[in-house]
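Dropping data-v2.txt in here (compact mmCIF, C-alpha atoms):
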# COMPACT_ATOMS: atom_id res chain seq x y z
CA MET A 1 23.89 -27.06 3.53
CA ASN A 2 25.80 -24.25 1.86
CA VAL A 3 25.67 -20.74 3.27
CA ASN A 4 24.03 -19.11 0.22
CA LEU A 5 21.18 -21.62 0.29
CA ARG A 6 20.66 -20.96 4.02
CA LYS A 7 20.56 -17.23 3.36
CA ASN A 8 18.03 -17.62 0.56
CA ILE A 9 15.84 -19.94 2.64
CA LEU A 10 15.89 -17.45 5.53
CA THR A 11 14.91 -14.64 3.16
CA ALA A 12 12.06 -16.74 1.73
CA LEU A 13 10.81 -17.61 5.24
CA LEU A 14 10.87 -13.96 6.27
CA ILE A 15 8.95 -12.95 3.13
CA ALA A 16 6.40 -15.69 3.93
CA ILE A 17 5.96 -14.15 7.39
CA GLY A 18 5.49 -10.80 5.66
CA VAL A 19 2.72 -12.26 3.49
CA ILE A 20 0.88 -13.46 6.58
CA LEU A 21 1.27 -10.10 8.32
CA ARG A 22 0.16 -8.33 5.14
CA GLN A 23 -3.04 -10.39 4.99
CA ILE A 24 -4.13 -9.58 8.53
CA VAL A 25 -3.67 -5.81 8.18
CA PRO A 26 -6.93 -4.20 7.04
CA GLY A 27 -7.08 -1.64 4.24
CA THR A 28 -7.53 1.97 5.29
CA ILE A 29 -7.51 5.29 3.40
CA GLY A 30 -7.96 4.83 -0.36
CA SER A 31 -7.59 1.03 -0.05
CA MET A 32 -4.01 1.44 1.20
CA LYS A 33 -2.67 -0.73 4.00
CA PHE A 34 0.07 -0.20 6.53
CA ASP A 35 2.99 -1.93 4.78
CA VAL A 36 4.23 -4.25 7.51
CA MET A 37 5.92 -6.35 4.80
CA LEU A 38 8.63 -3.69 4.95
CA SER A 39 9.55 -4.79 8.48
CA VAL A 40 10.38 -8.33 7.38
CA ILE A 41 12.18 -6.97 4.33
CA PHE A 42 14.31 -4.78 6.61
CA VAL A 43 14.99 -7.71 8.95
CA SER A 44 16.10 -9.82 5.99
CA LEU A 45 18.46 -7.07 4.86
CA LEU A 46 19.81 -6.55 8.39
CA ILE A 47 20.49 -10.24 8.98
CA ASN A 48 21.76 -11.08 5.51
CA ARG A 49 23.93 -8.11 4.48
CA ASP A 50 24.65 -9.27 0.97
CA PHE A 51 23.76 -7.23 -2.12
CA LYS A 52 22.47 -10.32 -3.97
CA ASN A 53 20.08 -10.89 -1.06
CA THR A 54 19.04 -7.24 -1.32
CA ILE A 55 17.97 -7.73 -4.93
CA LEU A 56 16.29 -11.07 -4.13
CA THR A 57 14.45 -9.55 -1.17
CA GLY A 58 13.36 -6.50 -3.16
CA LEU A 59 12.12 -8.62 -6.04
CA LEU A 60 10.31 -11.18 -3.86
CA GLY A 61 8.87 -8.51 -1.58
CA GLY A 62 7.73 -6.44 -4.57
CA LEU A 63 6.13 -9.39 -6.35
CA ILE A 64 4.33 -10.58 -3.21
CA ALA A 65 3.17 -7.04 -2.43
CA ALA A 66 2.00 -6.68 -6.04
CA MET A 67 0.01 -9.92 -5.83
CA THR A 68 -1.61 -9.03 -2.51
CA THR A 69 -2.18 -5.29 -2.90
CA THR A 70 -5.60 -3.80 -2.23
CA PHE A 71 -4.57 -0.54 -3.88
CA PRO A 72 -6.18 -0.23 -7.33
CA GLY A 73 -3.37 -0.52 -9.89
CA GLY A 74 -0.73 -0.86 -7.17
CA GLN A 75 1.07 -3.82 -8.73
CA ILE A 76 3.81 -2.00 -10.66
CA PRO A 77 4.30 0.72 -8.01
CA ASN A 78 4.86 -2.04 -5.39
CA ILE A 79 7.59 -3.69 -7.45
CA ILE A 80 9.28 -0.35 -8.20
CA ASP A 81 9.13 0.77 -4.59
CA LYS A 82 10.45 -2.47 -3.03
CA LEU A 83 13.41 -2.77 -5.41
CA ILE A 84 14.52 0.84 -4.98
CA THR A 85 13.84 0.85 -1.23
CA CYS A 86 15.87 -2.33 -0.69
CA CYS A 87 18.86 -0.86 -2.53
CA LEU A 88 18.71 2.38 -0.54
CA VAL A 89 18.24 0.56 2.78
CA TYR A 90 21.17 -1.72 1.91
CA GLY A 91 23.29 1.43 1.55
CA MET A 92 22.03 2.77 4.89
CA ILE A 93 22.86 -0.54 6.58
CA GLN A 94 26.38 -0.49 5.15
CA LEU A 95 26.91 3.09 6.35
CA SER A 96 25.48 2.39 9.82
CA GLU A 97 27.81 -0.45 10.81
CA LYS A 98 30.14 1.97 12.64
CA PHE A 99 27.44 3.28 15.00
CA GLN A 100 27.38 2.14 18.62
CA ASN A 101 23.71 1.54 19.42
CA GLN A 102 22.52 -0.79 16.68
CA THR A 103 19.00 -1.10 18.14
CA ILE A 104 18.39 2.61 17.68
CA THR A 105 20.13 2.51 14.30
CA ARG A 106 17.83 -0.33 13.13
CA GLY A 107 14.81 1.69 14.24
CA ILE A 108 16.01 4.77 12.36
CA ILE A 109 16.74 2.73 9.23
CA SER A 110 13.26 1.21 9.45
CA PHE A 111 11.63 4.62 9.83
CA ILE A 112 13.57 6.21 6.96
CA GLY A 113 13.17 3.10 4.80
CA THR A 114 9.41 3.16 5.28
CA ILE A 115 9.26 6.87 4.40
CA ILE A 116 11.32 6.17 1.26
CA SER A 117 9.13 3.21 0.33
CA GLY A 118 5.88 5.10 0.85
CA SER A 119 7.14 8.10 -1.08
CA ILE A 120 8.27 5.98 -4.02
CA PHE A 121 5.03 3.98 -4.00
CA LEU A 122 2.80 7.04 -3.89
CA THR A 123 4.81 8.95 -6.50
CA SER A 124 4.94 6.04 -8.94
CA ALA A 125 1.24 5.26 -8.36
CA LEU A 126 0.38 8.91 -8.93
CA PHE A 127 2.06 8.86 -12.34
CA ILE A 128 1.03 5.33 -13.38
CA VAL A 129 -2.58 4.96 -12.16
CA GLY A 130 -3.47 8.00 -10.07
CA LEU A 131 -4.27 8.16 -6.38
CA PRO A 132 -7.67 7.46 -4.75
CA ALA A 133 -7.12 10.30 -2.26
CA PRO A 134 -4.88 13.39 -2.11
CA LEU A 135 -1.15 12.63 -1.82
CA GLU A 136 -0.85 14.55 1.45
CA VAL A 137 -3.73 12.60 3.03
CA LEU A 138 -2.21 9.25 2.04
CA PHE A 139 1.26 10.27 3.20
CA LEU A 140 0.11 11.65 6.56
CA GLY A 141 -2.58 9.02 7.13
CA ILE A 142 -0.74 5.90 5.98
CA VAL A 143 2.99 6.39 5.39
CA LEU A 144 3.90 8.28 8.58
CA PRO A 145 1.94 6.01 10.96
CA THR A 146 3.38 2.96 9.17
CA ALA A 147 6.89 4.36 9.56
CA VAL A 148 6.40 4.75 13.31
CA THR A 149 4.84 1.28 13.62
CA ASN A 150 7.67 -0.30 11.61
CA ILE A 151 10.28 1.06 14.04
CA PHE A 152 8.90 -1.18 16.76
CA LEU A 153 7.88 -4.09 14.52
CA THR A 154 11.28 -4.27 12.82
CA THR A 155 13.12 -4.11 16.14
CA PHE A 156 10.89 -6.81 17.63
CA LEU A 157 11.08 -9.10 14.59
CA TYR A 158 14.86 -8.68 14.34
CA GLN A 159 15.36 -9.74 17.96
CA THR A 160 12.89 -12.61 17.55
CA VAL A 161 14.62 -13.93 14.43
CA LEU A 162 18.05 -13.68 16.08
CA MET A 163 16.75 -15.58 19.11
CA ALA A 164 15.19 -18.26 16.90
CA MET A 165 18.44 -18.59 14.95
CA LYS A 166 20.40 -18.96 18.19
CA VAL A 167 18.00 -21.54 19.65
CA THR A 168 17.96 -23.62 16.46
CA GLY A 169 21.71 -23.33 15.94
CA ILE A 170 21.36 -21.59 12.61
CA HIS A 171 24.37 -19.46 11.86
CA ILE A 172 24.75 -17.52 8.67
CA ALA A 173 28.42 -16.81 8.17
CA GLU A 174 29.52 -14.26 5.58

Structure translated into structure tokens:
Amino acid sequence: MNVNLRKNILTALLIAIGVILRQIVPGTIGSMKFDVMLSVIFVSLLINRDFKNTILTGLLGGLIAAMTTTFPGGQIPNIIDKLITCCLVYGMIQLSEKFQNQTITRGIISFIGTIISGSIFLTSALFIVGLPAPLEVLFLGIVLPTAVTNIFLTTFLYQTVLMAMKVTGIHIAE
């Protein structure tokens, strides 16, 4: 099986895991959910450090998030936020390769990536459809707790996926 196909299949499997996680997270303030899909998106970008995968991941993640959103009118903001966030996180991953402690670096990237994603989502939703609660309430009540949660979830999922790849003999060469 060629390497690009393996990479795309891995990305699709990770997004499928994200869909399952997204469905079990209940809605909270203003029908917003903690966006745990971001954790699998970040893992996909960390494992498969290719810009084409970044665009594929952003598009798939955005479309799935748009189809499963509980936020009224959140479809377009989800697509916008995932595409932009993936591109910015890709840049952060490229810049972080020189750092020693990659576990801490992955956690920081996840935290910042979630803040970026939440900010883009809320801003685009504000201008496109409006917000069901004040921006500050949604940011402090949803985005910040999600960012903290995603530090641990991304780190855990990354290690789990690496272990599964090792056990199954899957190797994605660049």

**Atom pair atom CA of A:Phe139 / atom CA of A:Leu122: separation (Å)** =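 Straight-line distance from atom CA of A:Phe139 to atom CA of A:Leu122 works out to 7.9 Å.
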
**Message:** I need the residue nearest A:Phe71 from this list: A:Leu46, A:Leu5, A:Ile120, A:Val129. Use all atoms listed in the file for the distance.
**Reply:** A:Val129

**Prompt:** Between A:Phe111, A:Lys7, A:Met163, A:Gly74, which is the closest to A:Ile47 once you count only C-alpha atoms?
**Reply:**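 Selected residue with least distance to A:Ile47: A:Lys7.
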
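Take the candidates A:Thr54, A:Ser117, A:Thr155, A:Gln75 and check each one against A:Cys87 using all atoms listed in the file; the shortest distance goes to A:Thr54.
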
**Which of A:Thr149, A:Arg22, A:Thr69, A:Asn48 sits closest to A:His171 [using all atoms listed in the file]** =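 Among the listed residues, A:Asn48 lies closest to A:His171.
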
**For A:Gln23, the nearest of the candidates A:Ala133, A:Met37, A:Leu126, A:Ala147, counting all atoms listed in the file** = A:Met37

**Message:** Report as a ChimeraX atom specification all protein, DNA and RNA residues lying within 9 Å of A:Tyr158, evaluated on only C-alpha atoms, omitting residues in the same chain fewer than 3 positions from it.
**Reply:** /A:39-40,42-44,46-47,106,153-155,161-163

**Prompt:** atom CA of A:Lys98 to atom CA of A:Leu14: how many Å, to one decimal?
**Reply:** 25.8 Å

**Prompt:** Of the residues A:Ile151, A:Thr114, A:Leu13, A:Leu45, which is the one nearest to A:Gln94, using all atoms listed in the file?
**Reply:**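 The closest residue to A:Gln94 is A:Leu45.
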
**Request:** For atom CA of A:Ala12 and atom CA of A:Ile128, determine how far apart the two atoms are, in Å to one decimal place.
**Result:**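 Atom CA of A:Ala12 sits 28.9 Å away from atom CA of A:Ile128.
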